[in-house]
Structures are given as structure tokens and as C-alpha cells.
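**Q** Have a look at the structure that comes next, please.
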Amino acid sequence: MTRAVAGVRGERDRIYLPYLLPALLIYTVLFVAPAVVTIWYSFTDWAGLGTEPRYTGLANYRRMLTDTVFLTAFRNTLILVVIGGALVFGLTFLSMVVLREMRGRAFVRSMLFVPSILSPIAIGTAIGFLLNPDGALNRLLRDAGLRSLARPWLGPDLIFKCIIAALVWIATGFYVAIMMSRVDAIPEELYETARLAGANRLEQFRHITFPLSRDALATGAVLWVIGAVKTFEIVIAFTGTAGTPPIQARSAAVQQYLSVTGGVSGTPQLGSAAAIGVVMFLLTAVLVVALRRLLRSEAVEL
Amino acid sequence: MKQTADEARATAAAPDTAARSARVRPAPGRRSIDRLDAVLGGAVRAMLWLWVAMLVILTVWVVITSLKTNREVFTDPFGLPKSPQWRNYSVAWSVSGFGQAAFSSVAVVAAAAGLTMVLATPASYVLARVDRRSASRVTTYFAVGMGIPAQALVVPFFLMANDLSTFMTEWVTGWWDDRISLVLIYVILSLPFTVYLLTIYFRSLPTEIEEAAAVDGAGPTRTFLAVMVPLARHGLTTALVLNIVALWNETLFVLIVVGDPGQRTLPATLLELYNTMQYTSNWGGLFAGIVILVMPMILLYLWAGRRIVQAMTQGALK
């Protein structure tokens, strides 16, 4: 038997490279290498196909620091990540307080998850229609005698707030699922003991649920950052791609899309598009490392 | 379940209440904390049910709107249609291009998800089983890719798709379909997550069965194909379903890589129709398009919902 087992190991060693190399080569040549090449493009001024990239050093990055359009796009992305994240996890914590023992909890959990597997374009189109100036929401408000509450929801002042709200509404179910799958693993005895000691739900959350699901929180927060930095679909679903989305509503990813396709001016700016990609990567990396530091905790053995 | 925390505690602590209340007096402020707890619990429960209700109402409203005439969509946004306009679906399907787009979506997603599995499964198997230091390093190397936003790849992929199209048209085949480029891009983007997820899954499988297969004289390739792949089918299906969900909804690279609107997938086609609404005002058709885009995912969720949730959450937690 041991010889057979050793044989298995030896034979498995022989298939190591042939099994691994196709995926490894494709990943290295077509994922990692292009990501590195993006850094080089970001140092150039490039009007797109048929023209030559011209090395301009840090010009694209300097422009990003002064151009209000870029600054707004990045500020919006940061707001989405930070404020949106606070709302998502705030709602998630609130749900965790009651979802452990609420009636119909399995149904509620599975329903809340649904928006995270649906196309944000589809959800955004439907909600966008409701929020139109003459759309259903304003009409409903007027009919209910609440005319003063009717607003141009998709106007420059409110559109980005509506986008954040929609994103939070879409995404939270996923984070509830992540956190609750960890909470499910907490032994019931802990809660019984706590109840016997007179702890109410809030105290149970503070002393049991929260500390014992901190590692899931760390993972969930990292996933949120990785996803929220890329926010693209929900914005263009609200604004459409005909013409260009209003500056107030643009995220960094939308600004990059406009730079690649040319946007209004019709001239692509591949150099600045690449620079936006690099900054988005750096933003993700910095936030992920910071979150890891902030939420680092010793794993609690259950 | 409607009982408050106070009642719950009272029941749980009933046997020794007398003994305790004699000695322990509730701390000051205790009552107000408990009241806050009860109020908060009720409010959060109400919020959760409202949330679910919004979801159901929005879904039902979209389906109903998809069966209305243009007039009804505006004059009576929350009413029922006089007679359901099934025509909206046939118009969306054949005139607005959702039929073609559905074909593109199915073909692109099937090819990309399938090819990803073919590449990732053998790689993950050896990464999980071969006892070399490089194996764990390569696994980490793949995991790094999950943290790189696709936006860091937009410019090179845009250029590569263009070059590939020009090269094939001028030198090799005489034609090119941008959807093939899209499939390749999807495979590349799906690899890191799929390899990572499957490596974890293969590690969780027992080794005895492979060893028994080897004792029976099966070579490593046969052991992999005839023993390990069937044994891992649960994890493989999960990875496949997750990739299908992600790729079905992908929009950015369709818009960037596929030039011909007639070749684009469903989300891009819906967006395109939405953009032309002010000229065509085919609102019923727009909502029919939403249903066509969303329905397959809802059916998939009804079929494999628990598995999707489990994979998306536990894959994340490991």
C-alpha cells in the first residue's frame, strides 16, 4: 500500500506541469502581463487606434489631480466605497441582530440575495423609469397629495444619491448572506448562556455575534471594496450611454469607459484610460491592506 | 417568535427567578436598554419585510408593465393592462434584437464558462494535490488576480481584440467575430477566481479514493478523469454556475470589444434599447427586454439557489 501511495505521488508529480501550464501560461501572458503593460500606457498620450502613443511621463496623473471631471469621478467612487460600505454593513449588522431567530428568516435571507445575481442594467433600467421626472414615483407622490416631495430624482443634484441607494439596496443581501453563514456556525449554547445571564439581543450581538463573526466581516469588507471600486453598470443603467452621463453621476469606471470609447469629444484617450485603471488598482490595494490591518483579529476557535 | 427579549429571558430564567430577584436588582438603565432592544428588533424586522416586499413588488410590476401598451405604461403605471400585450415580447425578440442577443449571450457564456472549467479543473487538481512548495505559491499567485480590477485590463484588452480582429481578417480566415474575442477575455478574467475556488474544493476531498484507484492500476490521467472529476462534480457545478451568473450580467467588455450592436449580448442590448427610448418609446418592449434578461437567472436561482448562496459566501470565507 505505501509503495502504491508513493507511486500515486510520483505519478501525480509527472502530471503537475502538463495540467498546470495551460492555465498558468494564459493567466501570466494574458492577465498579469497586460496589467503590467497598462502601467506603461498610463505614461503616454494616445488618441487610439491608428495613432502612435507618445511618452508624456506623469502628465496623465498630474491632470487627474487638477481636472475637475476626473476628481469628481474619483471622489464619487470613494464616496460609493466608504458611505455605501457604511450603509451596507450598517444594514447588515442590524439584520444580524434579528435574522438569527426571526420568523421566516430562511425566506427573507434567500429573497435578499436575489438582486446580487441579477443584471444591474436590468434593475437600474426599471428603477430609473420609476424615478423619471414624469415617472411613476413622482406621479404617486402627487396623487398622494405629497407634491412637495416630488423631485427630479435623476437631476444632477440627486442622481448620485439615488445611485448609492440603489447600489446599497442591490448589494446588501450578499453581505447579509456572508455574515449569516458565519453566524450559523456559532453554537446555540452561547446564546442560551447569555440569555440566562440576562443579556438582551443587542448585548448578545455585541458580545457573541459580532466578535465571533469578525473574520467574516474582514472578508466581506474586502469583497465590498474590490466590487465597489469597479462600480459601472448601475451608473450607466441610470444615465444611459447615449450622449454622456452627467459629470455628477460618473464613477471612475464610467470615466474610464468614456476615455476608451471617446465619449462626447469622439477622441479616445487611451493613456488617461490606462492611468485611471492603474489608480483604481492602487485604490483597491491600499484600501484592502488598510482594512486587513484594521480588522485583523485572532481567529476565534469555536 | 413575536415574544420580546424580556419574555424570552423570563421563560428561560423561570426556575430560579425567585432566588435571583431576591439578591440581584436590575442595574439602573437596564429597563431602557431592554426597551431599546425590543423597539429596535421590531423596527429591523419591519425593515426586512418591507425590503422583501419592495423586491417582490418591483418584480411583479416589471412583469405587468411588460404586458402593457405604451399608453397604459404612462397613463396608468400601477394598474393592470386591459388585455395583456404578448406582442411586446415578439417585438422585443425580433425587432429590438433580443432574439439575436439571447443567442449571443447563451453562446458566449456557454463557451467561456466551459473553456474556463477545462483550463481551471486540471490546474486546480494538481495545485491541491501535488506536494511541492511551488504549488502553494502558484495558488497565491492566482489569488492575487482576484484583487486586480478588470479596469486595469481594459486598455490592453481593447487593443488586443482590435489587433486580433485585424490579424485574422487580413492574414488567416478573412473574417472575424468579435464575440470570439469576448469569449477569450471572459476566460482570462474568470481564471483566477475559478482556480482559487476549485483548489480549495479539491483540497477538501479525501485522498483514499485516488490511492485505491492507483492500486487498481489506473494511471494519473485516468484517475483524474474517471475518479476525481466525478467525485468533484458538486464543486465543479458550483464553480460553473457562479461563472455563468457573473458572465451573463457582464456589460463593460461587451460594450468595449463588440462593435456591431447586432452581435452584443443581452445587457448591452437592453442598454441600447433604453438609449433609443426617446425616439422609439417602445416602453412595453423595454420591460419585456428586462424580463428576458433577468428570467434565466431567476430560474437558475430557483434551481440552484442554496448552492449559489453557499458557494458565493463560503468560497469567500475560506
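All residue names refer to the C-alpha cells as shown: chains lettered A, B, ... in order, residues numbered from 1 in each chain, ligands numbered from 1 in order.
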Report the closest atom pair, with its distance in Å rounded to one decimal, for each residue of chain A that has an atom no farther than 7 Å from chain B; count only C-alpha atoms, sort by chain and then rising residue number, and write it as a Markdown table.
**A**
```
| residue | atom | partner | partner_atom | distance |
| --- | --- | --- | --- | --- |
| A:Ala4 | CA | B:Val215 | CA | 5.8 |
| A:Val5 | CA | B:Glu211 | CA | 5.9 |
| A:Val8 | CA | B:Ala214 | CA | 6.1 |
| A:Glu11 | CA | B:Pro220 | CA | 6.1 |
| A:Arg12 | CA | B:Pro220 | CA | 6.1 |
| A:Asp13 | CA | B:Val130 | CA | 6.4 |
| A:Tyr16 | CA | B:Val126 | CA | 5.6 |
| A:Tyr19 | CA | B:Pro122 | CA | 5.1 |
| A:Leu20 | CA | B:Ala123 | CA | 4.1 |
| A:Pro22 | CA | B:Leu119 | CA | 6.6 |
| A:Ala23 | CA | B:Leu119 | CA | 5.4 |
| A:Tyr27 | CA | B:Ile188 | CA | 6.5 |
| A:Leu30 | CA | B:Ile188 | CA | 6.8 |
| A:Phe31 | CA | B:Ile188 | CA | 6.5 |
| A:Pro34 | CA | B:Pro156 | CA | 5.8 |
| A:Ala35 | CA | B:Leu153 | CA | 5.5 |
| A:Thr38 | CA | B:Ala152 | CA | 6.6 |
| A:Leu94 | CA | B:Val44 | CA | 6.5 |
| A:Ser95 | CA | B:Val44 | CA | 6.6 |
| A:Val98 | CA | B:Gly41 | CA | 6.1 |
| A:Met102 | CA | B:Met1 | CA | 6.4 |
| A:Arg103 | CA | B:Met1 | CA | 6.1 |
| A:Val108 | CA | B:Val52 | CA | 6.7 |
| A:Met111 | CA | B:Val52 | CA | 6.4 |
| A:Leu112 | CA | B:Val52 | CA | 6.5 |
| A:Ile117 | CA | B:Val245 | CA | 6.4 |
| A:Leu118 | CA | B:Val294 | CA | 6.1 |
| A:Ser119 | CA | B:Asn249 | CA | 4.8 |
| A:Ile121 | CA | B:Pro267 | CA | 6.3 |
| A:Ala122 | CA | B:Ile290 | CA | 5.4 |
| A:Ala136 | CA | B:Pro77 | CA | 6.1 |
| A:Ala177 | CA | B:Thr313 | CA | 6.6 |
| A:Ile178 | CA | B:Thr313 | CA | 4.7 |
| A:Arg195 | CA | B:Arg9 | CA | 5.8 |
| A:Leu196 | CA | B:Ala13 | CA | 5.8 |
| A:Gly198 | CA | B:Arg9 | CA | 6.4 |
| A:Asn200 | CA | B:Ala5 | CA | 5.8 |
| A:Arg201 | CA | B:Asp37 | CA | 6.4 |
| A:Leu202 | CA | B:Asp37 | CA | 6.0 |
| A:Ala216 | CA | B:Leu317 | CA | 6.3 |
| A:Thr219 | CA | B:Leu317 | CA | 6.4 |
| A:Ile226 | CA | B:Gly147 | CA | 6.4 |
| A:Lys230 | CA | B:Pro149 | CA | 6.6 |
| A:Glu233 | CA | B:Thr251 | CA | 7.0 |
| A:Ala237 | CA | B:Leu271 | CA | 6.8 |
| A:Gly240 | CA | B:Asn275 | CA | 5.7 |
| A:Thr241 | CA | B:Asn275 | CA | 6.6 |
| A:Ala242 | CA | B:Asn275 | CA | 5.5 |
| A:Ala253 | CA | B:Gln151 | CA | 6.9 |
| A:Leu270 | CA | B:Val155 | CA | 6.6 |
| A:Ala273 | CA | B:Val155 | CA | 6.9 |
| A:Ala274 | CA | B:Val155 | CA | 6.0 |
| A:Gly277 | CA | B:Ala152 | CA | 4.2 |
| A:Val278 | CA | B:Ala152 | CA | 5.8 |
| A:Phe281 | CA | B:Pro149 | CA | 6.0 |
```
**Q** Could the residues in this selection be written to a file with C-alpha atoms, as a compact mmCIF listing (two decimals), in the first residue's frame?
**A**
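Below is the file again_31.txt, written as the result:
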```txt
# COMPACT_ATOMS: atom_id res chain seq x y z
CA ALA A 4 1.31 2.27 -4.19
CA VAL A 5 0.74 5.54 -2.36
CA VAL A 8 0.49 7.83 -6.80
CA GLU A 11 2.80 9.83 -10.99
CA ARG A 12 0.98 12.92 -9.84
CA ASP A 13 4.28 14.76 -9.95
CA TYR A 16 1.95 18.54 -12.41
CA TYR A 19 -2.03 20.03 -16.02
CA LEU A 20 -0.95 23.35 -14.62
CA PRO A 22 -2.11 25.92 -19.85
CA ALA A 23 -3.95 27.87 -17.14
CA TYR A 27 -3.02 33.80 -16.74
CA LEU A 30 -2.89 37.44 -20.92
CA PHE A 31 -3.78 38.70 -17.43
CA PRO A 34 -1.35 43.15 -19.78
CA ALA A 35 -1.93 44.54 -16.28
CA THR A 38 -1.25 49.15 -18.59
CA LEU A 94 -28.98 45.43 12.01
CA SER A 95 -30.22 42.39 10.09
CA VAL A 98 -32.81 39.77 14.38
CA MET A 102 -36.86 35.81 13.27
CA ARG A 103 -39.88 34.03 11.82
CA VAL A 108 -36.04 36.58 3.96
CA MET A 111 -35.00 36.77 -1.10
CA LEU A 112 -32.50 39.46 -0.09
CA ILE A 117 -27.35 37.73 -9.12
CA LEU A 118 -29.46 39.96 -11.40
CA SER A 119 -28.04 42.32 -14.01
CA ILE A 121 -28.53 47.08 -16.01
CA ALA A 122 -31.96 45.46 -15.69
CA ALA A 136 -44.20 56.66 -11.59
CA ALA A 177 -25.61 36.05 3.41
CA ILE A 178 -21.86 36.08 4.06
CA ARG A 195 -29.97 34.68 27.84
CA LEU A 196 -29.70 33.00 31.21
CA GLY A 198 -29.95 38.29 31.24
CA ASN A 200 -30.84 41.04 25.50
CA ARG A 201 -30.49 40.81 21.74
CA LEU A 202 -28.29 43.89 21.41
CA ALA A 216 -16.22 37.11 8.01
CA THR A 219 -13.54 39.13 4.20
CA ILE A 226 -13.00 45.15 -4.63
CA LYS A 230 -15.40 48.88 -10.06
CA GLU A 233 -23.23 49.10 -14.66
CA ALA A 237 -28.21 51.97 -16.32
CA GLY A 240 -27.77 55.60 -20.38
CA THR A 241 -24.76 55.68 -22.68
CA ALA A 242 -26.34 57.85 -25.36
CA ALA A 253 -15.01 53.20 -14.14
CA LEU A 270 -6.15 55.55 -24.08
CA ALA A 273 -7.89 55.45 -19.53
CA ALA A 274 -4.88 53.32 -18.58
CA GLY A 277 -7.12 51.71 -14.40
CA VAL A 278 -3.81 51.96 -12.52
CA PHE A 281 -5.91 49.16 -8.80
```
**Q** Using only C-alpha atoms, which protein or nucleic acid residues come within 8 Å of A:Phe205? Drop anything in the same chain fewer than 5 positions from it, and give the result as an MDAnalysis selection string.
**A** chainID A and resid 96:97 210
**Q** So which bits of stretch 43-184 of chain A end up strand (DSSP E or B) when you DSSP the backbone, as a VMD selection string?
**A** chain A and resid 44 to 45 54 to 55
**Q** Among stretch 123-294 of chain B, which ones does DSSP place in alpha helix (DSSP H), written as a ChimeraX atom specification?
**A** /B:123-129,133-146,154-167,178-203,208-215,220-222,229-231,233-249,252-257,266-275,277-280,283-294
**Q** Contacts of A:Arg296 at 9 Å or less, counting only C-alpha atoms, minus same-chain residues fewer than 4 places along, as a CSV table (one decimal) with N, CA and C atoms, in the first residue's frame?
**A**
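Done, and the output landed in out37.csv:
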```csv
chain,number,residue,atom,x,y,z
A,214,ARG,N,-16.1,38.3,13.2
A,214,ARG,CA,-15.2,39.4,12.8
A,214,ARG,C,-14.4,38.9,11.6
A,215,ASP,N,-14.0,37.7,11.5
A,215,ASP,CA,-13.2,37.3,10.3
A,215,ASP,C,-14.0,37.3,9.1
A,218,ALA,N,-14.1,40.9,8.0
A,218,ALA,CA,-12.9,41.3,7.3
A,218,ALA,C,-13.0,40.9,5.8
A,291,LEU,N,-7.8,47.8,5.4
A,291,LEU,CA,-8.9,47.0,6.0
A,291,LEU,C,-8.4,45.8,6.8
A,292,ARG,N,-7.4,45.1,6.1
A,292,ARG,CA,-6.8,43.9,6.7
A,292,ARG,C,-6.2,44.3,8.1
```
**Q** B:Leu50, B:Met277, B:Ala311, B:Ala101: which is nearest A:Phe129, counting only C-alpha atoms?
**A** B:Met277
**Q** Using 10 Å as the limit and counting only C-alpha atoms, can you tabulate each residue of stretch 255-277 of chain A that touches stretch 55-73 of chain A, with its shortest atom-to-atom distance in Å and the two atoms involved, as a Markdown table?
**A**
```
| residue | atom | partner | partner_atom | distance |
| --- | --- | --- | --- | --- |
| A:Gln255 | CA | A:Ala73 | CA | 6.6 |
| A:Gln256 | CA | A:Phe70 | CA | 9.4 |
| A:Gln269 | CA | A:Asn60 | CA | 9.9 |
| A:Gly271 | CA | A:Asn60 | CA | 7.0 |
| A:Ser272 | CA | A:Asn60 | CA | 5.4 |
| A:Ala273 | CA | A:Asn60 | CA | 9.1 |
| A:Ala274 | CA | A:Asn60 | CA | 9.1 |
| A:Ala275 | CA | A:Asn60 | CA | 6.5 |
| A:Ile276 | CA | A:Tyr61 | CA | 8.5 |
```
**Q** Those selected residues, please, written with C-alpha atoms and delivered as a compact mmCIF listing (two decimals), in the first residue's frame.
**A**
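New file selection_3.txt:
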```txt
# COMPACT_ATOMS: atom_id res chain seq x y z
CA GLN A 255 -14.97 57.96 -16.75
CA GLN A 256 -12.56 55.28 -17.98
CA GLN A 269 -7.67 58.95 -24.66
CA GLY A 271 -3.31 56.97 -21.98
CA SER A 272 -5.60 58.51 -19.39
CA ALA A 273 -7.89 55.45 -19.53
CA ALA A 274 -4.88 53.32 -18.58
CA ALA A 275 -3.96 55.77 -15.81
CA ILE A 276 -7.48 55.51 -14.39
```
**Q** Nearest to B:Arg264: which of B:Ala107, B:Val39, B:Ala112, B:Ala46 is it, counting only C-alpha atoms?
**A**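 Comparing B:Ala107, B:Val39, B:Ala112, B:Ala46 against B:Arg264, the winner is B:Ala107.
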**Q** Find, counting only C-alpha atoms, the residue in B:Val254, B:Leu67, B:Leu240, B:Met54 that gets nearest to B:Ser181.
**A** B:Val254
**Q** Do you know which residues are at most 9 Å from A:Arg250 counting only C-alpha atoms, after dropping those on the same chain fewer than 6 positions away, and could you put them as a ChimeraX atom specification?
**A** /A:69,72-74,76-77,160,232,235-236
**Q** Would you work out the distance separating atom CA of B:Gly79 from atom CA of A:Gly124, expressed in Å to one decimal?
**A**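 Computing the Euclidean distance for atom CA of B:Gly79 and atom CA of A:Gly124 yields 21.5 Å.
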**Q** In Å, rounded to a single decimal, give me how far atom CA of B:Phe193 is from atom CA of B:Ala111.
**A**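 Distance reported for this atom pair: 17.3 Å.
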**Q** Within 10 Å of B:Asp177, counting only C-alpha atoms, which residues qualify if same-chain residues fewer than 3 places away don't, as a list in words?
**A**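 Once the nearby chain positions are removed, what remains is Ser165, Met168, Thr169, Ile180, Ser181, Leu182, Val258, Gly259, Asp260 and Gln263 of chain B.
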**Q** Take the residues just selected and output them with C-alpha atoms as a compact mmCIF listing (two decimals), in the first residue's frame.
**A**
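Wrote it out as result-v7.txt, contents follow:
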```
# COMPACT_ATOMS: atom_id res chain seq x y z
CA SER B 165 -9.62 41.01 -35.42
CA MET B 168 -7.38 37.22 -38.51
CA THR B 169 -9.28 39.15 -41.17
CA ILE B 180 -14.83 35.13 -30.10
CA SER B 181 -12.57 37.83 -28.64
CA LEU B 182 -15.16 38.36 -25.93
CA VAL B 258 -18.04 44.07 -29.69
CA GLY B 259 -18.53 46.83 -32.25
CA ASP B 260 -21.62 45.57 -34.07
CA GLN B 263 -23.67 40.87 -32.03
```
**Q** In Å, with one decimal, what is the gap from atom CA of A:Ile164 to atom CA of A:Ile123?
**A**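 Computed distance, atom CA of A:Ile164 to atom CA of A:Ile123, equals 13.4 Å.
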